[in-house]
>>> print(open('work27.cif').read())   # mmCIF, C-alpha atoms
data_work
loop_
_atom_site.group_PDB
_atom_site.id
_atom_site.type_symbol
_atom_site.label_atom_id
_atom_site.label_comp_id
_atom_site.auth_asym_id
_atom_site.auth_seq_id
_atom_site.Cartn_x
_atom_site.Cartn_y
_atom_site.Cartn_z
ATOM 1 C CA MET A 1 60.687 -15.289 19.183
ATOM 2 C CA GLY A 2 62.010 -12.788 16.694
ATOM 3 C CA LYS A 3 60.408 -9.536 15.630
ATOM 4 C CA VAL A 4 58.632 -9.184 12.278
ATOM 5 C CA ASN A 5 59.576 -6.342 9.983
ATOM 6 C CA ALA A 6 56.794 -3.738 10.051
ATOM 7 C CA CYS A 7 56.806 -3.130 6.271
ATOM 8 C CA LEU A 8 56.673 -6.875 5.607
ATOM 9 C CA ASN A 9 53.761 -7.299 7.998
ATOM 10 C CA ARG A 10 51.809 -4.429 6.411
ATOM 11 C CA SER A 11 52.445 -5.755 2.905
ATOM 12 C CA TYR A 12 51.194 -9.175 3.938
ATOM 13 C CA ILE A 13 48.028 -7.740 5.487
ATOM 14 C CA VAL A 14 47.350 -5.694 2.338
ATOM 15 C CA VAL A 15 47.723 -8.777 0.134
ATOM 16 C CA ILE A 16 45.437 -11.005 2.218
ATOM 17 C CA THR A 17 42.882 -8.172 2.453
ATOM 18 C CA LEU A 18 42.898 -7.927 -1.337
ATOM 19 C CA ILE A 19 42.462 -11.718 -1.563
ATOM 20 C CA ALA A 20 39.480 -11.551 0.805
ATOM 21 C CA LEU A 21 37.846 -8.688 -1.135
ATOM 22 C CA ILE A 22 38.223 -10.513 -4.458
ATOM 23 C CA ALA A 23 36.778 -13.657 -2.861
ATOM 24 C CA LEU A 24 33.767 -11.646 -1.675
ATOM 25 C CA VAL A 25 33.269 -10.258 -5.191
ATOM 26 C CA PHE A 26 33.475 -13.771 -6.676
ATOM 27 C CA LEU A 27 31.020 -15.060 -4.078
ATOM 28 C CA GLY A 28 28.543 -12.269 -4.779
ATOM 29 C CA PHE A 29 28.854 -12.724 -8.540
ATOM 30 C CA THR A 30 28.331 -16.477 -8.162
ATOM 31 C CA LEU A 31 25.214 -15.981 -6.042
ATOM 32 C CA PHE A 32 23.789 -13.512 -8.571
ATOM 33 C CA SER A 33 24.600 -15.747 -11.556
ATOM 34 C CA HIS A 34 23.218 -18.822 -9.820
ATOM 35 C CA GLY A 35 19.938 -17.072 -9.193
ATOM 36 C CA TYR A 36 19.778 -15.630 -12.708
ATOM 37 C CA LEU A 37 20.552 -18.968 -14.401
ATOM 38 C CA HIS A 38 18.608 -21.133 -11.969
ATOM 39 C CA GLN A 39 16.698 -22.829 -14.766
ATOM 40 C CA GLU A 40 19.948 -23.992 -16.383
ATOM 41 C CA GLU A 41 21.183 -25.752 -13.250
ATOM 42 C CA GLN A 42 20.152 -29.088 -14.773
ATOM 43 C CA ASP A 43 23.279 -28.834 -16.923
ATOM 44 C CA GLY A 44 25.999 -30.730 -15.062
ATOM 45 C CA SER A 45 28.826 -28.367 -16.070
ATOM 46 C CA VAL A 46 26.906 -25.297 -14.872
ATOM 47 C CA TYR A 47 25.981 -27.061 -11.626
ATOM 48 C CA LEU A 48 29.602 -28.043 -10.895
ATOM 49 C CA GLY A 49 30.888 -24.621 -11.917
ATOM 50 C CA PHE A 50 28.720 -22.799 -9.393
ATOM 51 C CA HIS A 51 29.616 -25.141 -6.556
ATOM 52 C CA ALA A 52 33.321 -24.919 -7.392
ATOM 53 C CA MET A 53 33.118 -21.107 -7.153
ATOM 54 C CA TYR A 54 31.278 -21.367 -3.825
ATOM 55 C CA ILE A 55 33.991 -23.632 -2.412
ATOM 56 C CA ILE A 56 36.923 -21.574 -3.720
ATOM 57 C CA SER A 57 35.485 -18.268 -2.470
ATOM 58 C CA SER A 58 34.619 -19.687 0.959
ATOM 59 C CA VAL A 59 38.036 -21.317 1.405
ATOM 60 C CA CYS A 60 39.767 -18.039 0.478
ATOM 61 C CA LEU A 61 37.747 -16.113 3.068
ATOM 62 C CA VAL A 62 38.492 -18.655 5.820
ATOM 63 C CA LEU A 63 42.199 -18.758 5.005
ATOM 64 C CA ALA A 64 42.361 -14.951 4.859
ATOM 65 C CA PHE A 65 40.895 -14.863 8.383
ATOM 66 C CA PHE A 66 43.612 -17.219 9.667
ATOM 67 C CA GLY A 67 46.256 -15.195 7.852
ATOM 68 C CA ALA A 68 45.077 -11.934 9.409
ATOM 69 C CA LEU A 69 44.928 -13.558 12.850
ATOM 70 C CA GLY A 70 48.477 -14.829 12.504
ATOM 71 C CA ALA A 71 49.822 -11.477 11.313
ATOM 72 C CA THR A 72 48.142 -9.302 13.941
ATOM 73 C CA LYS A 73 48.553 -11.632 16.938
ATOM 74 C CA GLU A 74 51.822 -13.244 15.799
ATOM 75 C CA LYS A 75 50.276 -16.721 16.011
ATOM 76 C CA LYS A 76 52.544 -19.128 14.174
ATOM 77 C CA TRP A 77 49.924 -21.899 14.010
ATOM 78 C CA ALA A 78 47.499 -19.568 12.189
ATOM 79 C CA LEU A 79 50.183 -18.551 9.706
ATOM 80 C CA ILE A 80 51.036 -22.211 9.102
ATOM 81 C CA VAL A 81 47.362 -23.020 8.442
ATOM 82 C CA PHE A 82 47.184 -20.120 5.985
ATOM 83 C CA ALA A 83 50.401 -21.112 4.188
ATOM 84 C CA VAL A 84 49.462 -24.799 3.851
ATOM 85 C CA GLY A 85 45.921 -23.985 2.701
ATOM 86 C CA MET A 86 47.092 -21.441 0.151
ATOM 87 C CA ILE A 87 49.779 -23.766 -1.221
ATOM 88 C CA LEU A 88 47.212 -26.535 -1.775
ATOM 89 C CA SER A 89 44.717 -24.065 -3.279
ATOM 90 C CA SER A 90 47.366 -22.606 -5.596
ATOM 91 C CA LEU A 91 48.315 -26.085 -6.828
ATOM 92 C CA PHE A 92 44.640 -26.880 -7.491
ATOM 93 C CA MET A 93 44.130 -23.631 -9.398
ATOM 94 C CA LEU A 94 47.343 -24.135 -11.371
ATOM 95 C CA VAL A 95 46.283 -27.626 -12.460
ATOM 96 C CA SER A 96 42.822 -26.324 -13.431
ATOM 97 C CA GLU A 97 44.311 -23.514 -15.491
ATOM 98 C CA ILE A 98 46.689 -25.870 -17.319
ATOM 99 C CA GLN A 99 43.790 -28.201 -18.099
ATOM 100 C CA GLY A 100 41.742 -25.255 -19.342
ATOM 101 C CA ILE A 101 44.524 -24.091 -21.665
ATOM 102 C CA ALA A 102 45.047 -27.636 -22.946
ATOM 103 C CA MET A 103 41.310 -28.009 -23.665
ATOM 104 C CA ARG A 104 40.984 -24.675 -25.477
ATOM 105 C CA ALA A 105 40.772 -26.196 -28.965
ATOM 106 C CA GLN A 106 38.315 -28.810 -27.725
ATOM 107 C CA MET A 107 36.175 -26.097 -26.160
ATOM 108 C CA ALA A 108 35.997 -24.248 -29.484
ATOM 109 C CA ALA A 109 34.885 -27.446 -31.240
ATOM 110 C CA ILE A 110 32.203 -28.076 -28.599
ATOM 111 C CA ILE A 111 30.859 -24.536 -28.994
ATOM 112 C CA LYS A 112 30.652 -24.943 -32.772
ATOM 113 C CA THR A 113 28.791 -28.251 -32.389
ATOM 114 C CA GLN A 114 26.288 -26.742 -29.956
ATOM 115 C CA TYR A 115 25.496 -23.873 -32.319
ATOM 116 C CA ARG A 116 25.122 -26.184 -35.319
ATOM 117 C CA GLU A 117 22.642 -28.327 -33.413
ATOM 118 C CA ILE A 118 20.062 -25.506 -33.483
ATOM 119 C CA LEU A 119 19.945 -25.468 -37.309
ATOM 120 C CA PRO A 120 17.765 -24.713 -39.212
ATOM 121 C CA LEU A 121 17.299 -21.335 -37.597
ATOM 122 C CA VAL A 122 13.599 -21.030 -38.483
ATOM 123 C CA ASN A 123 12.817 -23.653 -35.799
ATOM 124 C CA VAL A 124 14.538 -21.993 -32.822
ATOM 125 C CA SER A 125 12.696 -20.572 -29.809
ATOM 126 C CA GLU A 126 11.756 -16.906 -29.514
ATOM 127 C CA ASP A 127 14.515 -16.182 -26.988
ATOM 128 C CA THR A 128 17.135 -17.778 -29.228
ATOM 129 C CA MET A 129 15.698 -15.901 -32.209
ATOM 130 C CA GLU A 130 16.116 -12.562 -30.430
ATOM 131 C CA GLU A 131 19.674 -13.474 -29.494
ATOM 132 C CA LEU A 132 20.453 -14.372 -33.110
ATOM 133 C CA HIS A 133 19.067 -11.057 -34.321
ATOM 134 C CA ARG A 134 21.295 -9.215 -31.854
ATOM 135 C CA VAL A 135 24.350 -11.244 -32.913
ATOM 136 C CA GLN A 136 23.700 -10.566 -36.621
ATOM 137 C CA ARG A 137 23.416 -6.828 -36.034
ATOM 138 C CA ASP A 138 26.486 -6.624 -33.785
ATOM 139 C CA PHE A 139 28.801 -8.785 -35.896
ATOM 140 C CA GLN A 140 27.325 -7.790 -39.296
ATOM 141 C CA CYS A 141 26.692 -11.354 -40.384
ATOM 142 C CA CYS A 142 23.787 -13.578 -41.405
ATOM 143 C CA GLY A 143 23.075 -17.155 -40.385
ATOM 144 C CA LEU A 144 25.438 -19.404 -38.491
ATOM 145 C CA ASP A 145 27.210 -21.992 -40.602
ATOM 146 C CA GLN A 146 26.155 -21.554 -44.252
ATOM 147 C CA GLY A 147 25.271 -17.882 -44.138
ATOM 148 C CA TYR A 148 21.781 -16.714 -45.091
ATOM 149 C CA GLN A 149 20.939 -20.235 -46.296
ATOM 150 C CA ASP A 150 20.576 -21.282 -42.645
ATOM 151 C CA TRP A 151 17.374 -19.201 -42.585
ATOM 152 C CA GLU A 152 16.042 -21.017 -45.665
ATOM 153 C CA TYR A 153 13.524 -18.587 -47.202
ATOM 154 C CA SER A 154 12.687 -16.661 -44.000
ATOM 155 C CA ILE A 155 15.665 -14.316 -43.933
ATOM 156 C CA PRO A 156 15.146 -11.753 -41.147
ATOM 157 C CA GLU A 157 15.697 -8.009 -41.426
ATOM 158 C CA SER A 158 18.651 -8.254 -39.029
ATOM 159 C CA CYS A 159 20.602 -9.637 -42.016
ATOM 160 C CA LEU A 160 20.121 -6.438 -44.026
ATOM 161 C CA CYS A 161 23.334 -4.561 -44.773
ATOM 162 C CA GLU A 162 23.719 -1.144 -43.213
ATOM 163 C CA GLU A 163 25.057 1.795 -45.152
ATOM 164 C CA ASP A 164 28.303 1.850 -43.172
ATOM 165 C CA ALA A 165 28.726 -1.935 -43.222
ATOM 166 C CA ILE A 166 32.291 -3.207 -43.002
ATOM 167 C CA ASN A 167 31.676 -6.849 -43.894
ATOM 168 C CA PRO A 168 30.819 -7.831 -47.501
ATOM 169 C CA CYS A 169 27.214 -8.048 -48.664
ATOM 170 C CA VAL A 170 25.373 -10.001 -51.365
ATOM 171 C CA VAL A 171 21.988 -9.763 -53.039
ATOM 172 C CA ALA A 172 19.294 -11.683 -51.193
ATOM 173 C CA PRO A 173 17.441 -14.454 -53.067
ATOM 174 C CA ARG A 174 14.331 -13.220 -54.910
ATOM 175 C CA ASN A 175 12.159 -15.888 -53.313
ATOM 176 C CA SER A 176 13.058 -14.893 -49.771
ATOM 177 C CA SER A 177 10.720 -13.199 -47.310
ATOM 178 C CA LEU A 178 12.612 -9.905 -47.706
ATOM 179 C CA PHE A 179 10.977 -9.339 -51.137
ATOM 180 C CA LYS A 180 7.381 -9.628 -49.921
ATOM 181 C CA ASN A 181 7.002 -5.885 -49.420
ATOM 182 C CA ASN A 182 9.482 -4.900 -52.114
ATOM 183 C CA GLU A 183 7.175 -3.695 -54.908
ATOM 184 C CA ASP A 184 9.814 -2.039 -57.084
ATOM 185 C CA GLU A 185 11.876 -5.264 -57.259
ATOM 186 C CA GLN A 186 15.026 -3.439 -56.207
ATOM 187 C CA PRO A 187 17.871 -5.713 -55.030
ATOM 188 C CA VAL A 188 18.066 -6.278 -51.287
ATOM 189 C CA MET A 189 21.573 -6.507 -49.872
ATOM 190 C CA ILE A 190 22.296 -8.836 -46.952
ATOM 191 C CA TYR A 191 25.475 -9.859 -45.148
ATOM 192 C CA SER A 192 27.272 -12.709 -46.859
ATOM 193 C CA MET A 193 29.435 -13.822 -43.931
ATOM 194 C CA ALA A 194 28.118 -16.441 -41.481
ATOM 195 C CA CYS A 195 28.138 -15.627 -37.768
ATOM 196 C CA LEU A 196 29.574 -18.856 -36.373
ATOM 197 C CA LYS A 197 33.237 -17.846 -36.681
ATOM 198 C CA SER A 198 32.666 -14.475 -35.002
ATOM 199 C CA VAL A 199 30.520 -15.956 -32.231
ATOM 200 C CA VAL A 200 33.070 -18.676 -31.439
ATOM 201 C CA ALA A 201 35.895 -16.124 -31.424
ATOM 202 C CA TYR A 202 33.900 -13.942 -29.012
ATOM 203 C CA ASP A 203 33.150 -16.873 -26.702
ATOM 204 C CA MET A 204 36.788 -17.959 -26.709
ATOM 205 C CA SER A 205 37.911 -14.420 -25.878
ATOM 206 C CA ILE A 206 35.718 -14.601 -22.777
ATOM 207 C CA PHE A 207 37.227 -17.999 -21.968
ATOM 208 C CA ASP A 208 40.749 -16.574 -22.345
ATOM 209 C CA GLY A 209 39.810 -13.643 -20.122
ATOM 210 C CA VAL A 210 38.575 -15.977 -17.386
ATOM 211 C CA ILE A 211 41.795 -18.015 -17.564
ATOM 212 C CA GLY A 212 43.832 -14.806 -17.366
ATOM 213 C CA VAL A 213 41.930 -13.596 -14.296
ATOM 214 C CA MET A 214 42.385 -16.980 -12.627
ATOM 215 C CA MET A 215 46.137 -16.910 -13.309
ATOM 216 C CA GLY A 216 46.443 -13.403 -11.882
ATOM 217 C CA TYR A 217 44.507 -14.426 -8.779
ATOM 218 C CA THR A 218 46.733 -17.494 -8.391
ATOM 219 C CA LEU A 219 49.858 -15.323 -8.576
ATOM 220 C CA LEU A 220 48.388 -13.183 -5.799
ATOM 221 C CA TRP A 221 47.962 -16.344 -3.710
ATOM 222 C CA VAL A 222 51.580 -17.337 -4.359
ATOM 223 C CA LEU A 223 52.724 -13.867 -3.280
ATOM 224 C CA SER A 224 50.774 -14.202 -0.026
ATOM 225 C CA VAL A 225 52.418 -17.581 0.632
ATOM 226 C CA VAL A 226 55.902 -16.117 0.089
ATOM 227 C CA LEU A 227 55.165 -13.244 2.488
ATOM 228 C CA CYS A 228 53.669 -15.627 5.055
ATOM 229 C CA ILE A 229 56.694 -17.958 4.981
ATOM 230 C CA THR A 230 59.019 -14.950 5.323
ATOM 231 C CA ILE A 231 57.100 -13.813 8.411
ATOM 232 C CA LEU A 232 57.312 -17.315 9.881
ATOM 233 C CA CYS A 233 61.071 -17.327 9.342
ATOM 234 C CA GLN A 234 61.397 -13.993 11.138
ATOM 235 C CA LEU A 235 59.282 -15.244 14.045
ATOM 236 C CA ASP A 236 61.481 -18.340 14.390
ATOM 237 C CA ARG A 237 64.645 -16.258 14.364
ATOM 238 C CA LYS A 238 66.216 -15.905 17.784
ATOM 239 C CA GLU A 239 67.120 -12.441 18.976
ATOM 240 C CA ASP A 240 70.832 -11.789 19.424
ATOM 241 C CA THR A 241 71.758 -11.293 23.081
ATOM 242 C CA PRO A 242 75.169 -10.089 24.224
ATOM 243 C CA THR A 243 77.385 -12.869 25.522
ATOM 244 C CA VAL A 244 78.506 -12.509 29.152
ATOM 245 C CA VAL A 245 82.260 -13.001 29.450
ATOM 246 C CA TYR A 246 83.743 -13.791 32.842
ATOM 247 C CA SER A 247 87.347 -12.725 33.494
ATOM 248 C CA LYS A 248 89.585 -14.247 36.152
ATOM 249 C CA GLU A 249 91.199 -10.883 36.707
ATOM 250 C CA ALA A 250 87.852 -9.266 37.410
ATOM 251 C CA LYS A 251 86.958 -12.075 39.809
ATOM 252 C CA ALA A 252 90.256 -11.736 41.695
ATOM 253 C CA GLY A 253 89.725 -8.035 42.091
ATOM 254 C CA ASN A 254 92.755 -6.958 40.107
ATOM 255 C CA TYR A 255 92.488 -3.247 40.754
ATOM 256 C CA SER A 256 94.397 -0.634 42.781
ATOM 257 C CA SER A 257 93.109 2.179 44.916
ATOM 258 C CA LEU A 258 94.001 5.768 44.224
ATOM 259 C CA THR A 259 95.715 7.204 47.312
ATOM 260 C CA GLU A 260 97.573 10.390 47.896
ATOM 261 C CA ILE A 261 101.310 9.905 48.078
ATOM 262 C CA SER A 262 102.795 12.140 50.759
#
>>> encode(input="work27.cif", output="structure tokens")
Amino acid sequence: MGKVNACLNRSYIVVITLIALIALVFLGFTLFSHGYLHQEEQDGSVYLGFHAMYIISSVCLVLAFFGALGATKEKKWALIVFAVGMILSSLFMLVSEIQGIAMRAQMAAIIKTQYREILPLVNVSEDTMEELHRVQRDFQCCGLDQGYQDWEYSIPESCLCEEDAINPCVVAPRNSSLFKNNEDEQPVMIYSMACLKSVVAYDMSIFDGVIGVMMGYTLLWVLSVVLCITILCQLDRKEDTPTVVYSKEAKAGNYSSLTEIS
């Protein structure tokens, strides 16, 4: 059995340690999110998403254990288990990422449809109403699809234009709820842009960020596989031993004694 390069072995241990730490972070985040969104577990996509994260994180931790065992104890079977498991996991993640990228446009359309299903906005729940108010203030917009018309006549104060507003504003309709306490009949300016485009763009940026993180994590897995295979190759390498050469002259004792010549 050959000797493993010390720098290669340390690099491999650092990589699998990083993989294990990230897996622990993912597992903790999944547990926290699962508990926080427990009421939404009836949604099939959310349910499958949580369980997929549980499986991926657990598999990474188990494989990292085998990888560390193989590196520290020079156990080839443990390194083989790690390499095979990581190759299969990397292929699964790569296929998932390609499917996610291919479905990006479809995801955007689904998000738009889900938001449009809550129209008109005057009939939404209190929690959704608070979220809409926050969105309108943050993105400087009003309504979802058709602008302030989505609120019908009950336009909320979160649609009011601020003094330093960047997005364009328009005069609110005179028959809206904003003019109830407006005794001097001064025009009330509200945001003219609908929020749907900004909200979808924000959601898709999160989706792109998740795909990017997954791709980076997959590249880290591929790096660990390359290092593991290199270590296996060094372990299988036979050490060079000097070849013993037998000489007939040495066997016959072809030598002469040093004697004094008188």
>>> axis_aligned_box(input="work27.cif", around="segment 153-156 of chain A", padding_each_side="4 Å", output="lines of an AutoDock Vina configuration file")
center_x = 14.2
center_y = -15.2
center_z = -44.2
size_x = 11.0
size_y = 14.8
size_z = 14.1
>>> resolve_selection(input="work27.cif", expression="the PyMOL selection byres ((chain A and resi 227) around 12)", output="MDAnalysis selection string")
chainID A and resid 4:5 7:16 67 71 79:80 82:83 86 220:226 228:234
>>> atom_distance(input="work27.cif", atom1="atom CA of Cys159 of chain A", atom2="atom CA of Ala201 of chain A")
19.7 Å
>>> atom_distance(input="work27.cif", atom1="atom CA of Leu27 of chain A", atom2="atom CA of Ile101 of chain A")
23.9 Å
>>> resolve_selection(input="work27.cif", expression="the PyMOL selection byres ((chain A and resi 188-190) around 12)", output="PyMOL selection string")
chain A and resi 136-137+140-143+147-149+155-163+165+167-187+191-194
